[in-house]
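Coordinates from upload04.tsv are shown below (TSV, C-alpha atoms and all ligand atoms).
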chain	number	residue	atom	x	y	z
X	1418	MET	CA	16.87	3.49	31.06
X	1419	ASN	CA	20.25	5.21	31.12
X	1420	LEU	CA	18.77	8.65	30.37
X	1421	LYS	CA	16.29	8.64	33.28
X	1422	GLY	CA	16.02	12.12	34.80
X	1423	ARG	CA	17.31	13.82	31.65
X	1424	VAL	CA	15.33	16.20	29.45
X	1425	ALA	CA	15.85	16.51	25.70
X	1426	LEU	CA	14.62	18.99	23.11
X	1427	VAL	CA	14.47	17.46	19.64
X	1428	THR	CA	13.72	19.81	16.75
X	1429	GLY	CA	11.69	18.49	13.82
X	1430	ALA	CA	10.51	15.53	15.85
X	1431	SER	CA	7.09	15.06	14.23
X	1432	ARG	CA	8.35	12.91	11.36
X	1433	GLY	CA	11.25	10.90	9.97
X	1434	ILE	CA	14.60	10.90	11.73
X	1435	GLY	CA	13.52	13.38	14.44
X	1436	ARG	CA	10.55	11.21	15.35
X	1437	ALA	CA	12.81	8.15	15.70
X	1438	ILE	CA	15.28	10.16	17.83
X	1439	ALA	CA	12.53	11.45	20.13
X	1440	MET	CA	11.11	7.95	20.59
X	1441	SER	CA	14.51	6.40	21.20
X	1442	LEU	CA	15.43	9.02	23.84
X	1443	GLY	CA	12.00	8.53	25.45
X	1444	GLU	CA	12.53	4.78	25.51
X	1445	ALA	CA	15.87	5.40	27.28
X	1446	GLY	CA	13.97	7.19	30.08
X	1447	CYS	CA	14.44	10.77	28.89
X	1448	ASP	CA	11.64	13.37	28.98
X	1449	VAL	CA	11.26	14.85	25.51
X	1450	ILE	CA	10.13	18.14	24.01
X	1451	VAL	CA	8.84	17.27	20.56
X	1452	ASN	CA	9.32	20.34	18.36
X	1453	TYR	CA	7.55	20.63	15.01
X	1454	ALA	CA	6.73	23.26	12.39
X	1455	SER	CA	3.28	22.32	11.08
X	1456	SER	CA	2.48	18.60	11.57
X	1457	GLU	CA	0.60	18.95	14.84
X	1458	ALA	CA	-1.24	15.61	14.72
X	1459	ALA	CA	1.98	13.73	13.95
X	1460	ALA	CA	3.79	15.50	16.81
X	1461	ARG	CA	0.97	14.60	19.21
X	1462	GLU	CA	1.22	10.98	18.15
X	1463	VAL	CA	4.95	10.99	18.99
X	1464	VAL	CA	4.14	12.50	22.40
X	1465	ASP	CA	1.52	9.78	23.05
X	1466	LEU	CA	3.98	7.03	22.15
X	1467	ILE	CA	6.67	8.47	24.43
X	1468	VAL	CA	4.22	8.86	27.30
X	1469	ALA	CA	3.07	5.26	26.76
X	1470	SER	CA	6.71	4.17	27.08
X	1471	GLY	CA	6.84	5.80	30.54
X	1472	SER	CA	8.55	9.18	29.96
X	1473	ARG	CA	7.10	12.70	29.90
X	1474	ALA	CA	6.72	14.53	26.59
X	1475	LYS	CA	5.19	17.67	25.14
X	1476	ALA	CA	4.79	18.91	21.59
X	1477	ILE	CA	5.77	22.54	21.00
X	1478	ARG	CA	5.31	24.24	17.67
X	1479	ALA	CA	8.12	26.62	16.65
X	1480	ASP	CA	9.79	27.45	13.36
X	1481	VAL	CA	13.47	26.92	14.21
X	1482	ALA	CA	14.40	29.65	11.72
X	1483	ASP	CA	12.52	32.19	13.84
X	1484	MET	CA	14.65	33.25	16.81
X	1485	ALA	CA	11.73	34.70	18.79
X	1486	ALA	CA	9.72	31.50	18.31
X	1487	VAL	CA	12.68	29.39	19.47
X	1488	GLU	CA	13.18	31.57	22.55
X	1489	GLY	CA	9.46	31.18	23.33
X	1490	MET	CA	9.71	27.39	22.96
X	1491	VAL	CA	12.78	27.18	25.20
X	1492	ALA	CA	11.13	29.36	27.87
X	1493	GLU	CA	8.03	27.14	27.82
X	1494	ALA	CA	10.17	24.00	27.98
X	1495	HIS	CA	12.16	25.36	30.94
X	1496	ARG	CA	8.94	26.27	32.77
X	1497	GLU	CA	7.44	22.81	32.32
X	1498	PHE	CA	10.47	20.52	32.39
X	1499	GLY	CA	13.18	22.47	34.24
X	1500	GLN	CA	16.75	22.00	33.05
X	1501	ILE	CA	17.22	20.80	29.47
X	1502	HIS	CA	20.24	18.53	29.22
X	1503	ILE	CA	20.15	17.39	25.61
X	1504	LEU	CA	19.57	19.42	22.45
X	1505	VAL	CA	19.17	17.60	19.15
X	1506	ASN	CA	19.18	19.93	16.14
X	1507	ASN	CA	17.42	17.75	13.62
X	1508	ALA	CA	14.87	20.00	11.84
X	1509	GLY	CA	15.82	20.43	8.22
X	1510	ILE	CA	14.46	21.08	4.75
X	1511	ASN	CA	15.71	20.77	1.20
X	1512	ARG	CA	15.02	22.90	-1.88
X	1513	ASP	CA	17.02	20.99	-4.49
X	1514	ARG	CA	17.93	22.65	-7.80
X	1515	THR	CA	21.07	22.99	-9.89
X	1516	PHE	CA	22.93	26.16	-9.01
X	1517	LEU	CA	21.96	28.48	-11.89
X	1518	LYS	CA	18.28	27.62	-11.42
X	1519	LEU	CA	18.47	28.01	-7.66
X	1520	THR	CA	16.73	31.17	-6.49
X	1521	ARG	CA	18.00	33.41	-3.76
X	1522	ALA	CA	14.82	32.59	-1.79
X	1523	GLU	CA	15.56	28.84	-2.01
X	1524	TRP	CA	19.13	29.47	-0.86
X	1525	ASP	CA	17.95	31.62	2.06
X	1526	ASP	CA	15.18	29.21	3.17
X	1527	VAL	CA	17.61	26.32	3.50
X	1528	ILE	CA	20.37	28.33	5.18
X	1529	ARG	CA	17.91	29.97	7.59
X	1530	THR	CA	16.34	26.67	8.64
X	1531	ASN	CA	19.21	24.18	8.48
X	1532	LEU	CA	22.01	26.44	9.76
X	1533	GLY	CA	20.12	29.33	11.38
X	1534	GLY	CA	17.95	26.87	13.34
X	1535	PRO	CA	20.90	25.32	15.23
X	1536	PHE	CA	22.22	28.83	15.95
X	1537	ASN	CA	18.87	29.86	17.44
X	1538	THR	CA	18.38	26.79	19.62
X	1539	ALA	CA	22.01	26.68	20.82
X	1540	HIS	CA	21.91	30.39	21.62
X	1541	ALA	CA	18.76	29.94	23.66
X	1542	LEU	CA	19.94	26.85	25.56
X	1543	ILE	CA	23.67	27.18	26.13
X	1544	PRO	CA	23.44	29.75	28.96
X	1545	SER	CA	21.43	27.32	31.15
X	1546	MET	CA	23.67	24.40	30.16
X	1547	CYS	CA	26.75	26.43	31.18
X	1548	GLU	CA	25.15	27.26	34.51
X	1549	ALA	CA	24.36	23.59	35.10
X	1550	GLY	CA	27.84	22.52	33.96
X	1551	PHE	CA	26.39	19.85	31.68
X	1552	GLY	CA	25.01	19.62	28.18
X	1553	ARG	CA	24.85	17.39	25.15
X	1554	ILE	CA	24.31	19.07	21.79
X	1555	ILE	CA	23.89	16.80	18.78
X	1556	ASN	CA	23.55	18.37	15.35
X	1557	ILE	CA	22.21	16.37	12.42
X	1558	THR	CA	24.35	17.16	9.42
X	1559	SER	CA	24.46	15.00	6.27
X	1560	ILE	CA	26.75	13.01	4.03
X	1561	VAL	CA	26.06	15.88	1.60
X	1562	GLY	CA	27.81	18.26	4.00
X	1563	GLN	CA	30.87	16.01	3.77
X	1564	MET	CA	30.88	15.21	0.04
X	1565	GLY	CA	28.81	17.92	-1.65
X	1566	ASN	CA	26.09	16.85	-4.07
X	1567	TYR	CA	24.75	17.69	-7.50
X	1568	GLY	CA	21.69	19.98	-7.22
X	1569	GLN	CA	22.16	20.62	-3.51
X	1570	SER	CA	24.57	23.55	-3.19
X	1571	ASN	CA	22.28	25.30	-0.67
X	1572	TYR	CA	21.75	22.17	1.41
X	1573	ALA	CA	25.44	21.19	1.24
X	1574	ALA	CA	26.49	24.70	2.34
X	1575	ALA	CA	24.18	24.52	5.36
X	1576	LYS	CA	25.21	20.98	6.29
X	1577	GLY	CA	28.92	21.69	5.81
X	1578	GLY	CA	28.41	24.80	7.91
X	1579	ILE	CA	26.91	22.70	10.69
X	1580	ILE	CA	30.06	20.59	10.83
X	1581	SER	CA	32.34	23.63	11.24
X	1582	PHE	CA	29.87	25.23	13.65
X	1583	THR	CA	29.92	22.04	15.74
X	1584	LYS	CA	33.71	21.93	15.91
X	1585	SER	CA	34.00	25.62	16.87
X	1586	LEU	CA	31.25	25.47	19.47
X	1587	ALA	CA	32.72	22.26	20.90
X	1588	ARG	CA	35.97	24.12	21.58
X	1589	GLU	CA	34.18	27.07	23.17
X	1590	VAL	CA	31.93	25.17	25.60
X	1591	ALA	CA	34.06	22.15	26.49
X	1592	LYS	CA	35.18	23.60	29.81
X	1593	LYS	CA	31.53	24.06	30.80
X	1594	GLY	CA	30.86	20.33	30.61
X	1595	ILE	CA	29.04	20.59	27.28
X	1596	THR	CA	29.86	18.31	24.37
X	1597	VAL	CA	28.87	19.17	20.81
X	1598	ASN	CA	28.86	16.54	18.08
X	1599	CYS	CA	27.32	15.81	14.70
X	1600	VAL	CA	25.63	12.76	13.29
X	1601	ALA	CA	25.95	12.61	9.51
X	1602	PRO	CA	23.30	10.36	7.94
X	1603	GLY	CA	23.66	8.93	4.48
X	1604	TYR	CA	20.44	8.29	2.49
X	1605	ILE	CA	17.68	7.49	4.96
X	1606	ASN	CA	14.17	6.24	4.29
X	1607	THR	CA	12.00	9.29	5.17
X	1608	ASP	CA	9.62	11.78	3.52
X	1609	MET	CA	12.68	13.82	2.49
X	1610	MET	CA	13.62	11.04	0.08
X	1611	LYS	CA	10.20	11.04	-1.61
X	1612	GLY	CA	11.30	13.55	-4.25
X	1613	VAL	CA	14.40	11.59	-5.17
X	1614	PRO	CA	13.95	9.69	-8.48
X	1615	ASP	CA	14.02	5.86	-8.32
X	1616	ARG	CA	17.09	5.68	-10.60
X	1617	VAL	CA	19.04	7.87	-8.11
X	1618	ILE	CA	17.95	5.62	-5.22
X	1619	GLU	CA	19.20	2.61	-7.19
X	1620	GLN	CA	22.54	4.38	-7.83
X	1621	VAL	CA	22.83	5.17	-4.12
X	1622	LYS	CA	22.26	1.51	-3.23
X	1623	THR	CA	24.89	0.46	-5.75
X	1624	ILE	CA	27.59	2.73	-4.30
X	1625	THR	CA	26.68	1.99	-0.68
X	1626	PRO	CA	28.71	-0.98	0.63
X	1627	LEU	CA	25.77	-2.09	2.82
X	1628	GLY	CA	23.60	-2.02	-0.33
X	1629	ARG	CA	20.49	-0.29	1.01
X	1630	LEU	CA	19.09	2.95	2.40
X	1631	GLY	CA	19.29	3.53	6.14
X	1632	GLU	CA	16.34	3.58	8.54
X	1633	PRO	CA	15.59	6.52	10.91
X	1634	GLU	CA	16.11	4.23	13.92
X	1635	GLU	CA	19.72	3.66	12.82
X	1636	ILE	CA	20.37	7.42	13.10
X	1637	ALA	CA	18.52	7.56	16.41
X	1638	TRP	CA	20.84	4.95	17.87
X	1639	ALA	CA	23.93	7.10	17.18
X	1640	VAL	CA	22.21	10.13	18.72
X	1641	ARG	CA	21.25	8.14	21.81
X	1642	PHE	CA	24.86	7.00	22.17
X	1643	LEU	CA	26.18	10.59	21.99
X	1644	ALA	CA	23.46	11.80	24.41
X	1645	ASP	CA	24.51	9.30	27.06
X	1646	PRO	CA	26.35	10.81	30.05
X	1647	ARG	CA	29.03	8.15	29.51
X	1648	ALA	CA	29.87	9.60	26.06
X	1649	SER	CA	31.74	12.22	28.06
X	1650	TYR	CA	35.06	12.30	26.18
X	1651	ILE	CA	33.62	12.69	22.68
X	1652	THR	CA	33.29	16.22	21.36
X	1653	GLY	CA	33.65	18.05	18.05
X	1654	GLN	CA	33.16	14.80	16.13
X	1655	VAL	CA	31.15	13.76	13.10
X	1656	VAL	CA	29.65	10.29	13.49
X	1657	ALA	CA	28.81	9.02	10.02
X	1658	VAL	CA	25.85	6.63	9.72
X	1659	ASN	CA	25.80	6.03	5.99
X	1660	GLY	CA	26.17	2.32	5.22
X	1661	GLY	CA	29.79	2.98	4.24
X	1662	MET	CA	28.89	5.26	1.31
X	1663	TYR	CA	31.47	7.82	2.46
X	1664	MET	CA	34.44	6.76	4.58
T	1701	LIG	N1	16.47	11.57	4.98
T	1701	LIG	C1	17.75	11.60	4.64
T	1701	LIG	O1	18.20	10.86	3.77
T	1701	LIG	C2	18.70	12.53	5.34
T	1701	LIG	C3	20.06	12.39	5.08
T	1701	LIG	C4	20.96	13.21	5.72
T	1701	LIG	C5	20.53	14.15	6.61
T	1701	LIG	N2	19.20	14.29	6.85
T	1701	LIG	C6	18.81	15.33	7.81
T	1701	LIG	O2	18.08	14.75	8.86
T	1701	LIG	C7	17.13	15.69	9.36
T	1701	LIG	C8	15.75	15.07	9.34
T	1701	LIG	O3	15.43	14.71	8.01
T	1701	LIG	P1	14.20	13.78	7.63
T	1701	LIG	O4	14.61	13.00	6.46
T	1701	LIG	O5	13.68	13.10	8.83
T	1701	LIG	O6	13.18	14.92	7.13
T	1701	LIG	P2	11.59	14.91	7.04
T	1701	LIG	O7	11.06	13.53	7.06
T	1701	LIG	O8	11.27	15.82	5.92
T	1701	LIG	O9	11.15	15.61	8.43
T	1701	LIG	C9	11.56	16.93	8.69
T	1701	LIG	C10	11.19	17.32	10.10
T	1701	LIG	O10	11.70	18.64	10.34
T	1701	LIG	C11	10.63	19.48	10.72
T	1701	LIG	N3	10.86	20.84	10.26
T	1701	LIG	C12	11.07	21.26	8.99
T	1701	LIG	N4	11.25	22.59	8.97
T	1701	LIG	C13	11.14	23.01	10.25
T	1701	LIG	C14	11.22	24.27	10.89
T	1701	LIG	N5	11.47	25.39	10.19
T	1701	LIG	N6	11.06	24.34	12.23
T	1701	LIG	C15	10.80	23.22	12.96
T	1701	LIG	N7	10.73	21.99	12.41
T	1701	LIG	C16	10.88	21.90	11.08
T	1701	LIG	C17	9.38	18.85	10.14
T	1701	LIG	O11	8.26	19.30	10.88
T	1701	LIG	P3	6.74	19.25	10.26
T	1701	LIG	O12	6.36	17.80	10.24
T	1701	LIG	O13	5.92	20.02	11.24
T	1701	LIG	O14	6.84	19.83	8.91
T	1701	LIG	C18	9.70	17.37	10.33
T	1701	LIG	O15	9.43	16.97	11.65
T	1701	LIG	C19	17.25	16.94	8.48
T	1701	LIG	O16	18.11	17.86	9.09
T	1701	LIG	C20	17.90	16.38	7.23
T	1701	LIG	O17	18.61	17.38	6.54
T	1701	LIG	C21	18.28	13.51	6.24
Please express the file's structure as structure tokens.
Amino acid sequence: MNLKGRVALVTGASRGIGRAIAMSLGEAGCDVIVNYASSEAAAREVVDLIVASGSRAKAIRADVADMAAVEGMVAEAHREFGQIHILVNNAGINRDRTFLKLTRAEWDDVIRTNLGGPFNTAHALIPSMCEAGFGRIINITSIVGQMGNYGQSNYAAAKGGIISFTKSLAREVAKKGITVNCVAPGYINTDMMKGVPDRVIEQVKTITPLGRLGEPEEIAWAVRFLADPRASYITGQVVAVNGGMYM
């Protein structure tokens, strides 16, 4: 229970990787704000599981791309939970299409959610973290932000942007006791993978030294490690959890 007394806000925590992160932080003793966009029942289930494990939790709906909605969520979280120590920017979407078929709307949706979301949450939370002299910000990027990928120029631009954003922010807030890091998952078994054709999944397994997709809990473990107060000398880093697919 090394996160007892801490409070975390996890975006996109109703499903997939975010759900696993929220549950893992809850299991470590952390109180958790479970953010979601539309899956209310799923978010409530995550809250119930965290409460059953002995921590406090609350589901708050907010589109991370909407600055006013994020500010409202952060104000509500501060009112109910006090100081927020850990921010996990996990919410993300994909709109995959080869570049010439990609519409401007599909580009904007992905950039607004995957890169604009972390801007909005960090902007809303950093002032209170600076005042407290402590903060842990963990941004979920992707192997695609490191390597690029066919049919994902919008997603890769957002995820690559998160890596540079993380490094710049880490330099700016280090003296305030705030660390900022990324976790870069490889191909992980979640709803996001449902649209990926079987032959691509097989190719991924072939070029992944560990020979399989990852599980959400394997990403959550890296986040929990970076959220720990003892991870105090790690900042501006990208922790890859990808089965060795990209080294
Ligand atoms: N799966 C992979 O292989 C993989 C690999 C690398 C990186 N990632 C990254 O890991 C993160 C989680 O991915 P996942 O695979 O767990 O995805 P997922 O199963 O599709 O779940 C996405 C989560 O994000 C939430 N969300 C989406 N748009 C949102 C918005 N505008 N505001 C607030 N919440 C929003 C969803 O909420 P609702 O349930 O309410 O819709 C859901 O909880 C993403 O950033 C993704 O890019 C995933």
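The residue that comes closest to Met1440 of chain X, out of X:Leu1466, X:Met1564, X:Ala1541, X:Ala1460 and on the basis of only C-alpha atoms, is X:Leu1466.
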>> Can you pull out the residues contacting Gly1446 of chain X? Cut-off 7 Å, using all atoms listed in the file, and skip same-chain residues under 4 positions away; I want them as a VMD selection string.
In response: chain X and resid 1418 to 1421 1442 1472
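Using only C-alpha atoms and all ligand atoms, the nearest neighbour of ligand LIG 1701 (chain T) within the list X:Ala1637, X:Ile1557, X:Cys1547, X:Leu1519 is X:Ile1557.
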>> When you look at segment 1617-1629 of chain X with a cut-off of 7 Å (counting only C-alpha atoms), what residues show up, excluding the ones that are within fewer than 2 positions of it in the same chain? I need them as a PyMOL selection string.
In response: chain X and resi 1613-1615+1631+1660-1662
> Within 7 Å of ligand LIG 1701 (chain T), counting all atoms listed in the file: which residues, as number ranges by chain?
Replying inline: X: 1428-1436, 1452-1457, 1479-1482, 1507-1511, 1530-1531, 1557-1560, 1601-1610
Keeping C-alpha atoms for every residue in the selection just given, could you write it to a file as an mmCIF file, in the frame of the given file?
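To be explicit, this is the file written out as selection-v9.cif:
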data_model
loop_
_atom_site.group_PDB
_atom_site.id
_atom_site.type_symbol
_atom_site.label_atom_id
_atom_site.label_comp_id
_atom_site.auth_asym_id
_atom_site.auth_seq_id
_atom_site.Cartn_x
_atom_site.Cartn_y
_atom_site.Cartn_z
ATOM 1 C CA THR X 1428 13.720 19.810 16.750
ATOM 2 C CA GLY X 1429 11.690 18.490 13.820
ATOM 3 C CA ALA X 1430 10.510 15.530 15.850
ATOM 4 C CA SER X 1431 7.090 15.060 14.230
ATOM 5 C CA ARG X 1432 8.350 12.910 11.360
ATOM 6 C CA GLY X 1433 11.250 10.900 9.970
ATOM 7 C CA ILE X 1434 14.600 10.900 11.730
ATOM 8 C CA GLY X 1435 13.520 13.380 14.440
ATOM 9 C CA ARG X 1436 10.550 11.210 15.350
ATOM 10 C CA ASN X 1452 9.320 20.340 18.360
ATOM 11 C CA TYR X 1453 7.550 20.630 15.010
ATOM 12 C CA ALA X 1454 6.730 23.260 12.390
ATOM 13 C CA SER X 1455 3.280 22.320 11.080
ATOM 14 C CA SER X 1456 2.480 18.600 11.570
ATOM 15 C CA GLU X 1457 0.600 18.950 14.840
ATOM 16 C CA ALA X 1479 8.120 26.620 16.650
ATOM 17 C CA ASP X 1480 9.790 27.450 13.360
ATOM 18 C CA VAL X 1481 13.470 26.920 14.210
ATOM 19 C CA ALA X 1482 14.400 29.650 11.720
ATOM 20 C CA ASN X 1507 17.420 17.750 13.620
ATOM 21 C CA ALA X 1508 14.870 20.000 11.840
ATOM 22 C CA GLY X 1509 15.820 20.430 8.220
ATOM 23 C CA ILE X 1510 14.460 21.080 4.750
ATOM 24 C CA ASN X 1511 15.710 20.770 1.200
ATOM 25 C CA THR X 1530 16.340 26.670 8.640
ATOM 26 C CA ASN X 1531 19.210 24.180 8.480
ATOM 27 C CA ILE X 1557 22.210 16.370 12.420
ATOM 28 C CA THR X 1558 24.350 17.160 9.420
ATOM 29 C CA SER X 1559 24.460 15.000 6.270
ATOM 30 C CA ILE X 1560 26.750 13.010 4.030
ATOM 31 C CA ALA X 1601 25.950 12.610 9.510
ATOM 32 C CA PRO X 1602 23.300 10.360 7.940
ATOM 33 C CA GLY X 1603 23.660 8.930 4.480
ATOM 34 C CA TYR X 1604 20.440 8.290 2.490
ATOM 35 C CA ILE X 1605 17.680 7.490 4.960
ATOM 36 C CA ASN X 1606 14.170 6.240 4.290
ATOM 37 C CA THR X 1607 12.000 9.290 5.170
ATOM 38 C CA ASP X 1608 9.620 11.780 3.520
ATOM 39 C CA MET X 1609 12.680 13.820 2.490
ATOM 40 C CA MET X 1610 13.620 11.040 0.080
#
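Going from atom CA of Glu1493 of chain X to atom CA of Pro1544 of chain X covers 15.7 Å.
The neighbours of Phe1642 of chain X here are the residues that come within 12 Å of it, using all atoms listed in the file and leaving out any residue fewer than 2 positions away in the same chain; they are X:Asn1419, X:Leu1420, X:Ile1438, X:Ser1441, X:Leu1442, X:Ala1445, X:Ile1503, X:Arg1553, X:Ile1555, X:Asn1598, X:Cys1599, X:Val1600, X:Glu1635, X:Ile1636, X:Ala1637, X:Trp1638, X:Ala1639, X:Val1640, X:Ala1644, X:Asp1645, X:Pro1646, X:Arg1647, X:Ala1648, X:Ser1649, X:Ile1651, X:Val1656.
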> Of the candidates X:Thr1583, X:Thr1515, X:Ser1470, X:Asn1506, which shows the shortest atom-to-atom distance to Tyr1567 of chain X, using all atoms listed in the file?
Replying inline: X:Thr1515
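Separating atom CA of Pro1535 of chain X from atom CA of Ile1501 of chain X is a distance of 15.4 Å.
Nearest to Gln1563 of chain X of all the residues X:Ser1581, X:Met1546, X:Glu1632, X:Phe1551 is X:Ser1581, counting all atoms listed in the file.
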Provide an axis-aligned box for all listed atoms of segment 1606-1620 of chain X, padding each side by 5 Å; report its centre and its edge lengths in Å to one decimal, as JSON.
{"center_x": 16.1, "center_y": 8.2, "center_z": -2.7, "size_x": 22.9, "size_y": 21.2, "size_z": 25.8}
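Pairwise distance (atom CA of Asp1525 of chain X, atom CA of Gly1612 of chain X) equals 20.3 Å.
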